[in-house]
$ cat protein-v5.txt   # compact mmCIF, C-alpha atoms
# COMPACT_ATOMS: atom_id res chain seq x y z
CA MET A 1402 0.00 0.00 0.00
CA LYS A 1403 2.80 2.39 0.94
CA LYS A 1404 4.55 1.61 -2.35
CA LYS A 1405 1.35 2.38 -4.27
CA ILE A 1406 0.95 5.70 -2.46
CA PHE A 1407 4.60 6.56 -3.16
CA VAL A 1408 4.10 5.90 -6.89
CA LEU A 1409 0.96 8.05 -6.97
CA VAL A 1410 2.77 10.90 -5.20
CA CYS A 1411 5.67 10.69 -7.68
CA CYS A 1412 3.25 10.79 -10.60
CA TRP A 1413 1.50 13.79 -9.09
CA ILE A 1414 4.81 15.64 -8.60
CA MET A 1415 5.84 14.90 -12.18
CA SER A 1416 2.48 16.19 -13.42
CA LEU A 1417 3.18 19.53 -11.72
CA PHE A 1418 6.14 19.99 -14.09
CA VAL A 1419 4.98 18.14 -17.18
CA ALA A 1420 1.45 19.57 -17.43
CA PRO A 1421 2.55 23.25 -17.43
CA ALA A 1422 5.27 22.44 -19.96
CA LEU A 1423 2.77 20.73 -22.27
CA SER A 1424 0.33 23.60 -21.80
CA ALA A 1425 3.04 26.15 -22.57
CA ALA A 1426 4.08 24.20 -25.67
CA ALA A 1427 0.48 24.02 -26.89
CA SER A 1428 0.03 27.75 -26.24
CA PHE A 1429 3.20 28.58 -28.17
CA ASP A 1430 2.03 26.41 -31.07
CA GLN A 1431 -1.21 28.38 -31.17
CA VAL A 1432 0.73 31.65 -31.26
CA ILE A 1433 2.92 30.33 -34.08
CA SER A 1434 -0.15 29.41 -36.11
CA ARG A 1435 -1.35 33.02 -35.92
CA TRP A 1436 1.89 34.74 -36.90
CA VAL A 1437 3.91 32.23 -38.98
CA LYS A 1438 2.41 31.80 -42.45
CA GLU A 1439 3.50 29.26 -45.05
CA GLN A 1440 2.67 28.71 -48.72
CA ARG A 1441 3.95 26.04 -51.11
CA PHE A 1442 3.97 26.26 -54.90
CA THR A 1443 4.70 23.53 -57.44
CA ASN A 1444 4.87 23.20 -61.21
CA ASN A 1445 4.40 20.32 -63.64
CA MET A 1446 8.19 19.85 -63.86
CA GLY A 1447 8.37 18.64 -60.27
CA SER A 1448 9.91 21.87 -58.91
CA ASN A 1449 8.53 23.47 -55.77
CA LEU A 1450 8.94 26.65 -53.75
CA THR A 1451 7.94 27.15 -50.11
CA ILE A 1452 7.68 30.65 -48.63
CA ILE A 1453 7.48 31.04 -44.85
CA CYS A 1454 6.85 34.51 -43.39
CA THR A 1455 6.75 35.53 -39.74
CA TYR A 1456 5.21 38.77 -38.52
CA TYR A 1457 6.91 39.85 -35.29
CA SER A 1458 3.89 40.82 -33.24
CA ALA A 1459 4.13 41.55 -29.52
CA GLU A 1460 2.34 38.26 -28.82
CA PHE A 1461 4.74 36.25 -30.96
CA ILE A 1462 7.87 37.91 -29.55
CA ASP A 1463 6.75 37.46 -25.94
CA ALA A 1464 5.81 33.81 -26.51
CA TYR A 1465 9.08 33.14 -28.32
CA ILE A 1466 11.18 34.71 -25.55
CA GLN A 1467 9.31 32.79 -22.85
CA SER A 1468 9.75 29.57 -24.83
CA GLU A 1469 13.50 30.16 -25.14
CA ALA A 1470 13.74 31.01 -21.43
CA GLN A 1471 12.00 27.79 -20.41
CA LYS A 1472 14.00 25.69 -22.86
CA ASN A 1473 17.32 27.11 -21.67
CA MET A 1474 16.27 27.47 -18.00
CA TRP A 1475 17.28 31.13 -17.91
CA THR A 1476 17.08 33.30 -14.84
CA GLN A 1477 14.87 36.38 -14.85
CA GLN A 1478 17.92 38.57 -15.50
CA GLU A 1479 19.07 36.38 -18.39
CA THR A 1480 15.58 36.53 -19.87
CA GLU A 1481 15.50 40.33 -19.58
CA ASP A 1482 18.94 40.58 -21.24
CA TYR A 1483 17.81 38.35 -24.09
CA ARG A 1484 14.60 40.37 -24.50
CA TYR A 1485 16.57 43.63 -24.65
CA HIS A 1486 19.03 42.42 -27.30
CA PHE A 1487 16.31 40.64 -29.28
CA LEU A 1488 14.19 43.80 -29.49
CA GLN A 1489 17.29 45.79 -30.41
CA ALA A 1490 18.02 43.47 -33.34
CA LEU A 1491 14.42 43.68 -34.55
CA GLN A 1492 14.42 47.50 -34.39
CA LEU A 1493 10.80 47.14 -33.31
CA GLY A 1494 10.51 50.67 -31.97
CA GLU A 1495 11.27 52.19 -35.38
CA ARG A 1496 10.37 49.59 -38.00
CA ILE A 1497 8.09 46.68 -38.84
CA PRO A 1498 10.25 43.54 -39.05
CA ILE A 1499 9.09 40.47 -40.98
CA SER A 1500 11.08 37.27 -41.33
CA VAL A 1501 11.08 35.72 -44.80
CA LYS A 1502 12.31 32.24 -45.65
CA PHE A 1503 12.46 30.64 -49.09
CA ILE A 1504 12.92 26.91 -49.66
CA ASN A 1505 13.63 26.70 -53.37
CA ASN A 1506 13.67 23.23 -54.89
CA GLY A 1507 13.67 24.42 -58.44
CA PRO A 1508 15.35 26.86 -60.85
CA THR A 1509 17.82 29.37 -59.44
CA MET A 1510 16.08 32.41 -57.97
CA TYR A 1511 17.35 35.94 -58.70
CA LEU A 1512 15.84 38.39 -56.21
CA GLY A 1513 18.17 41.38 -56.42
CA PRO A 1514 17.44 44.12 -55.79
CA PHE A 1515 15.08 42.55 -53.29
CA ASP A 1516 13.36 45.80 -52.33
CA ILE A 1517 11.50 45.82 -55.65
CA MET A 1518 10.34 42.22 -55.17
CA VAL A 1519 8.40 42.74 -51.93
CA LYS A 1520 6.11 45.37 -50.42
CA LEU A 1521 3.84 45.83 -47.43
CA ARG A 1522 0.26 46.98 -47.86
CA ILE A 1523 -1.32 48.82 -44.93
CA GLY A 1524 -4.84 49.95 -45.75
CA ASN A 1525 -4.72 51.62 -49.16
CA ASN A 1526 -1.02 52.45 -48.96
CA VAL A 1527 1.94 50.38 -50.10
CA TYR A 1528 5.43 50.61 -48.58
CA LYS A 1529 8.82 49.42 -49.81
CA PRO A 1530 11.41 47.96 -47.43
CA VAL A 1531 13.66 50.48 -45.71
CA ASP A 1532 16.20 47.71 -45.12
CA TYR A 1533 16.58 43.97 -45.62
CA ASP A 1534 19.06 41.12 -45.42
CA LYS A 1535 21.33 41.76 -48.41
CA ARG A 1536 21.81 38.02 -48.93
CA PHE A 1537 18.45 38.13 -50.70
CA ASN A 1538 20.18 39.98 -53.56
CA PHE A 1539 22.28 36.94 -54.50
CA ARG A 1540 21.00 34.10 -56.63
CA PHE A 1541 20.32 30.82 -54.86
CA GLN A 1542 18.79 27.40 -54.75
CA GLY A 1543 17.82 25.63 -51.56
CA GLU A 1544 17.13 27.72 -48.45
CA LYS A 1545 17.53 31.45 -47.90
CA ASP A 1546 16.13 33.44 -44.98
CA GLY A 1547 16.47 36.87 -43.41
CA LEU A 1548 14.66 39.90 -42.06
CA VAL A 1549 12.90 42.57 -44.08
CA TYR A 1550 12.19 45.93 -42.41
CA PHE A 1551 9.33 48.25 -43.35
CA PRO A 1552 8.68 51.76 -42.00
CA ARG A 1553 6.60 51.96 -38.84
CA TYR A 1554 6.06 55.72 -39.00
CA ASP A 1555 5.19 58.12 -41.80
CA GLU A 1556 8.36 59.84 -42.98
CA LYS A 1557 6.74 63.29 -43.19
CA THR A 1558 4.18 63.36 -40.38
CA GLY A 1559 5.69 60.85 -37.95
CA LYS A 1560 2.30 59.12 -37.67
CA ASP A 1561 2.21 55.46 -36.63
CA LEU A 1562 1.33 53.63 -39.86
CA LEU A 1563 -0.30 50.77 -37.95
CA LYS A 1564 -2.58 52.97 -35.85
CA GLY A 1565 -6.13 51.99 -36.72
CA ALA A 1566 -5.00 49.31 -39.17
CA LYS A 1567 -6.85 45.98 -39.02
CA THR A 1568 -4.56 43.94 -41.25
CA VAL A 1569 -1.24 44.12 -43.06
CA ARG A 1570 -0.51 42.30 -46.31
CA LEU A 1571 2.97 41.26 -47.41
CA GLU A 1572 3.09 40.99 -51.20
CA PHE A 1573 5.74 39.39 -53.42
CA SER A 1574 6.27 39.94 -57.12
CA SER A 1575 5.49 36.98 -59.36
CA ALA A 1576 8.96 37.55 -60.85
CA ILE A 1577 10.69 35.98 -57.84
CA SER A 1578 10.36 32.50 -59.38
CA ASN A 1579 9.24 30.78 -62.58
CA ILE A 1580 7.56 28.16 -60.41
CA LEU A 1581 4.86 30.71 -59.56
CA ASP A 1582 3.69 30.81 -63.20
CA GLY A 1583 2.67 34.45 -62.92
CA LYS A 1584 1.06 34.16 -59.46
CA ALA A 1585 1.93 36.85 -56.92
CA PRO A 1586 2.13 35.35 -53.39
CA TYR A 1587 0.84 37.34 -50.45
CA PHE A 1588 0.43 36.87 -46.69
CA ILE A 1589 -2.11 38.59 -44.44
CA TRP A 1590 -1.94 39.16 -40.67
CA ASP A 1591 -4.56 40.56 -38.32
CA VAL A 1592 -2.76 43.33 -36.41
CA ALA A 1593 -5.77 45.11 -34.92
CA ASN A 1594 -4.88 44.09 -31.36
CA ASP A 1595 -1.10 44.10 -31.69
CA ASP A 1596 0.58 46.41 -29.19
CA PRO A 1597 4.42 46.40 -29.24
CA SER A 1598 4.52 48.78 -26.26
CA LYS A 1599 3.60 45.82 -24.03
CA LEU A 1600 7.09 44.45 -24.61
CA TYR A 1601 8.76 47.51 -23.13
CA GLN A 1602 8.19 47.04 -19.42
CA GLY A 1603 10.30 46.85 -16.28
CA LYS A 1604 14.05 46.84 -16.76
CA THR A 1605 13.71 46.48 -20.52
CA ALA A 1606 11.70 49.71 -20.66
CA ALA A 1607 14.27 51.53 -18.52
CA ARG A 1608 17.16 50.38 -20.75
CA TYR A 1609 15.33 51.44 -23.89
CA GLU A 1610 14.43 54.79 -22.38
CA THR A 1611 18.10 55.26 -21.47
CA ASP A 1612 19.15 54.39 -25.04
CA ARG A 1613 16.57 56.77 -26.47
CA LEU A 1614 17.67 59.64 -24.23
CA LEU A 1615 21.35 59.02 -25.02
CA LYS A 1616 20.60 59.12 -28.75
CA ARG A 1617 18.57 62.30 -28.27
CA LEU A 1618 21.39 63.86 -26.23
CA GLU A 1619 23.93 62.94 -28.92
CA LYS A 1620 21.74 64.54 -31.60
CA LEU A 1621 21.27 67.72 -29.55
CA ARG A 1622 25.00 68.01 -28.98
CA LYS A 1623 25.62 67.59 -32.70
CA ASP A 1624 22.95 70.20 -33.47
CA ARG A 1625 24.57 72.57 -30.97
CA ALA A 1626 28.00 72.03 -32.53
CA ASP A 1627 26.55 72.74 -35.98
CA LEU A 1628 24.85 75.89 -34.70
CA GLU A 1629 28.05 77.06 -32.99
CA LYS A 1630 29.94 76.55 -36.25
CA GLN A 1631 27.25 78.47 -38.10
CA MET A 1632 27.36 81.27 -35.52
CA LYS A 1633 31.14 81.51 -35.86
CA THR A 1634 30.78 81.84 -39.62
CA ILE A 1635 28.23 84.61 -39.12
CA ASP A 1636 30.40 86.37 -36.52
CA ASP A 1637 33.41 86.22 -38.86
CA GLU A 1638 31.36 87.72 -41.68
CA ILE A 1639 30.02 90.45 -39.39
CA SER A 1640 33.58 91.25 -38.29
CA MET A 1641 34.76 91.39 -41.92
CA ILE A 1642 31.90 93.69 -42.93
CA GLN A 1643 32.49 95.96 -39.95
CA SER A 1644 36.21 96.17 -40.79
CA ARG A 1645 35.40 97.17 -44.35
CA LEU A 1646 32.89 99.77 -43.18
CA ASP A 1647 35.54 101.25 -40.87
CA GLU A 1648 37.98 101.44 -43.80
CA LEU A 1649 35.41 103.15 -46.00
CA ALA A 1650 34.57 105.62 -43.23
CA LYS A 1651 38.21 106.78 -43.14
CA GLN A 1652 38.32 107.56 -46.86
$ encode --input "protein-v5.txt" --output "structure tokens"
Amino acid sequence: MKKKIFVLVCCWIMSLFVAPALSAAASFDQVISRWVKEQRFTNNMGSNLTIICTYYSAEFIDAYIQSEAQKNMWTQQETEDYRYHFLQALQLGERIPISVKFINNGPTMYLGPFDIMVKLRIGNNVYKPVDYDKRFNFRFQGEKDGLVYFPRYDEKTGKDLLKGAKTVRLEFSSAISNILDGKAPYFIWDVANDDPSKLYQGKTAARYETDRLLKRLEKLRKDRADLEKQMKTIDDEISMIQSRLDELAKQ
């Protein structure tokens, strides 16, 4: 009887660890299904092309970081450090990052310059990449992946381009591959409830605020140096004009 009770207790203890892990894994899989999109194209020659695109929403990033933390058994500080550097690499505060992966089992693909092969549609407006992994410019077969960055704010007004947007649509040119046979692939994400600001909390928020203020301070110091240089030029010209006026007054 005691042995039976011991076994039951052990099973119960194991369930305390296994059940949350399985639940977390299932939850992460659900998040992946919302933000990682995949399409596969084939032709009658037996060639195929798979395109996998990941929209880095706040939900996806948070779930990914938590998954990595659990997998690697990180401390809270290690998790915060990873979050900080991960967000830095994504440039999430300034741009819209999307991961693109091609698995090309067909003719060589020529994507350069890649910024004319892909665009992001937000509402009725279309935006070109402001930056992207330059490896996309080189021809390839097999796998190729990297990040593509789109503007998050309007260049003239500074307005958040995603404010009020319900969906975003990533569109590729049909010219990326002959396998597409003239089809233009696209991927749609529902971003109505996405809020990247949720990621900037606690120590991460403080570090980003520090970075932002340091960048602002650097810009102000540069602006001041430029103004001082401009003022010196003006003062020199004033001095030269005054000297000439004094010379003319003596004639």
$ residues_around --input "protein-v5.txt" --residues "stretch 1572-1581 of chain A" --least-positions-apart "3" --cutoff "12 Å" --atoms "only C-alpha atoms" --output "PyMOL selection string"
chain A and resi 1440-1452+1454+1499+1501+1503-1523+1527-1530+1537-1538+1540-1542+1569+1584-1590
$ closest_residue --input "protein-v5.txt" --among "A:Ile1639, A:Arg1608, A:Gly1565, A:Arg1617" --to "A:Gln1489" --atoms "all atoms listed in the file"
A:Arg1608
$ closest_residue --input "protein-v5.txt" --among "A:Leu1488, A:Leu1562, A:Ile1635, A:Leu1614" --to "A:Tyr1601" --atoms "all atoms listed in the file"
A:Leu1488
$ closest_residue --input "protein-v5.txt" --among "A:Lys1620, A:Lys1535, A:His1486, A:Lys1651" --to "A:Leu1548" --atoms "all atoms listed in the file"
A:Lys1535
$ residues_near_point --input "protein-v5.txt" --point "(4.4, 55.1, -40.4)" --cutoff "12 Å" --atoms "all atoms listed in the file" --output "VMD selection string"
chain A and resid 1494 to 1497 1521 to 1524 1526 to 1529 1531 1551 to 1566
$ atom_distance --input "protein-v5.txt" --atom1 "atom CA of A:Lys1567" --atom2 "atom CA of A:Asp1430"
22.9 Å
$ closest_residue --input "protein-v5.txt" --among "A:Thr1568, A:Ser1428, A:Ser1434, A:Gln1602" --to "A:Arg1484" --atoms "all atoms listed in the file"
A:Gln1602
$ atom_distance --input "protein-v5.txt" --atom1 "atom CA of A:Arg1625" --atom2 "atom CA of A:Ser1640"
22.0 Å
$ atom_distance --input "protein-v5.txt" --atom1 "atom CA of A:Ala1593" --atom2 "atom CA of A:Phe1461"
14.3 Å
$ closest_residue --input "protein-v5.txt" --among "A:Lys1545, A:Lys1438, A:Arg1570, A:Lys1599" --to "A:Ile1462" --atoms "all atoms listed in the file"
A:Lys1599
$ closest_residue --input "protein-v5.txt" --among "A:Val1549, A:Val1432, A:Val1592, A:Ile1453" --to "A:Tyr1465" --atoms "all atoms listed in the file"
A:Val1432
$ residues_around --input "protein-v5.txt" --residues "A:Ser1500" --least-positions-apart "3" --cutoff "10 Å" --atoms "only C-alpha atoms" --output "PDB file with C-alpha atoms, in the frame of the given file"
ATOM      1  CA  VAL A1437       3.910  32.230 -38.980  1.00  0.00           C
ATOM      2  CA  ILE A1453       7.480  31.040 -44.850  1.00  0.00           C
ATOM      3  CA  CYS A1454       6.850  34.510 -43.390  1.00  0.00           C
ATOM      4  CA  THR A1455       6.750  35.530 -39.740  1.00  0.00           C
ATOM      5  CA  TYR A1456       5.210  38.770 -38.520  1.00  0.00           C
ATOM      6  CA  TYR A1457       6.910  39.850 -35.290  1.00  0.00           C
ATOM      7  CA  LEU A1491      14.420  43.680 -34.550  1.00  0.00           C
ATOM      8  CA  TYR A1533      16.580  43.970 -45.620  1.00  0.00           C
ATOM      9  CA  ASP A1534      19.060  41.120 -45.420  1.00  0.00           C
ATOM     10  CA  ASP A1546      16.130  33.440 -44.980  1.00  0.00           C
ATOM     11  CA  GLY A1547      16.470  36.870 -43.410  1.00  0.00           C
ATOM     12  CA  LEU A1548      14.660  39.900 -42.060  1.00  0.00           C
ATOM     13  CA  VAL A1549      12.900  42.570 -44.080  1.00  0.00           C
ATOM     14  CA  TYR A1550      12.190  45.930 -42.410  1.00  0.00           C
TER      15      TYR A1550
END
$ build_atoms --input "protein-v5.txt" --residues "stretch 1628-1648 of chain A" --atoms "N, CA and C atoms" --output "short mmCIF file (atom, residue, chain, number, x, y, z; two decimals), in the coordinates of the input"
data_model
loop_
_atom_site.label_atom_id
_atom_site.label_comp_id
_atom_site.auth_asym_id
_atom_site.auth_seq_id
_atom_site.Cartn_x
_atom_site.Cartn_y
_atom_site.Cartn_z
N LEU A 1628 25.29 74.51 -34.88
CA LEU A 1628 24.85 75.89 -34.70
C LEU A 1628 26.01 76.79 -34.29
N GLU A 1629 26.88 76.28 -33.42
CA GLU A 1629 28.05 77.06 -32.99
C GLU A 1629 28.97 77.35 -34.18
N LYS A 1630 29.13 76.37 -35.05
CA LYS A 1630 29.94 76.55 -36.25
C LYS A 1630 29.30 77.59 -37.17
N GLN A 1631 27.96 77.50 -37.28
CA GLN A 1631 27.25 78.47 -38.10
C GLN A 1631 27.35 79.87 -37.52
N MET A 1632 27.25 79.97 -36.18
CA MET A 1632 27.36 81.27 -35.52
C MET A 1632 28.76 81.86 -35.71
N LYS A 1633 29.77 81.03 -35.65
CA LYS A 1633 31.14 81.51 -35.86
C LYS A 1633 31.31 82.06 -37.28
N THR A 1634 30.72 81.36 -38.23
CA THR A 1634 30.78 81.84 -39.62
C THR A 1634 30.10 83.19 -39.75
N ILE A 1635 28.95 83.33 -39.08
CA ILE A 1635 28.23 84.61 -39.12
C ILE A 1635 29.02 85.71 -38.42
N ASP A 1636 29.60 85.38 -37.25
CA ASP A 1636 30.40 86.37 -36.52
C ASP A 1636 31.61 86.83 -37.33
N ASP A 1637 32.26 85.88 -38.03
CA ASP A 1637 33.41 86.22 -38.86
C ASP A 1637 33.01 87.15 -39.99
N GLU A 1638 31.83 86.87 -40.57
CA GLU A 1638 31.36 87.72 -41.68
C GLU A 1638 30.99 89.11 -41.17
N ILE A 1639 30.36 89.15 -39.98
CA ILE A 1639 30.02 90.45 -39.39
C ILE A 1639 31.29 91.26 -39.12
N SER A 1640 32.31 90.59 -38.58
CA SER A 1640 33.58 91.25 -38.29
C SER A 1640 34.23 91.79 -39.57
N MET A 1641 34.17 90.98 -40.65
CA MET A 1641 34.76 91.39 -41.92
C MET A 1641 34.03 92.61 -42.49
N ILE A 1642 32.70 92.57 -42.41
CA ILE A 1642 31.90 93.69 -42.93
C ILE A 1642 32.17 94.95 -42.13
N GLN A 1643 32.24 94.80 -40.80
CA GLN A 1643 32.49 95.96 -39.95
C GLN A 1643 33.86 96.57 -40.23
N SER A 1644 34.86 95.70 -40.46
CA SER A 1644 36.21 96.17 -40.79
C SER A 1644 36.19 96.99 -42.09
N ARG A 1645 35.49 96.48 -43.06
CA ARG A 1645 35.40 97.17 -44.35
C ARG A 1645 34.69 98.50 -44.21
N LEU A 1646 33.63 98.52 -43.40
CA LEU A 1646 32.89 99.77 -43.18
C LEU A 1646 33.79 100.80 -42.48
N ASP A 1647 34.63 100.32 -41.55
CA ASP A 1647 35.54 101.25 -40.87
C ASP A 1647 36.54 101.81 -41.86
N GLU A 1648 37.03 100.98 -42.78
CA GLU A 1648 37.98 101.44 -43.80
C GLU A 1648 37.32 102.48 -44.70
#
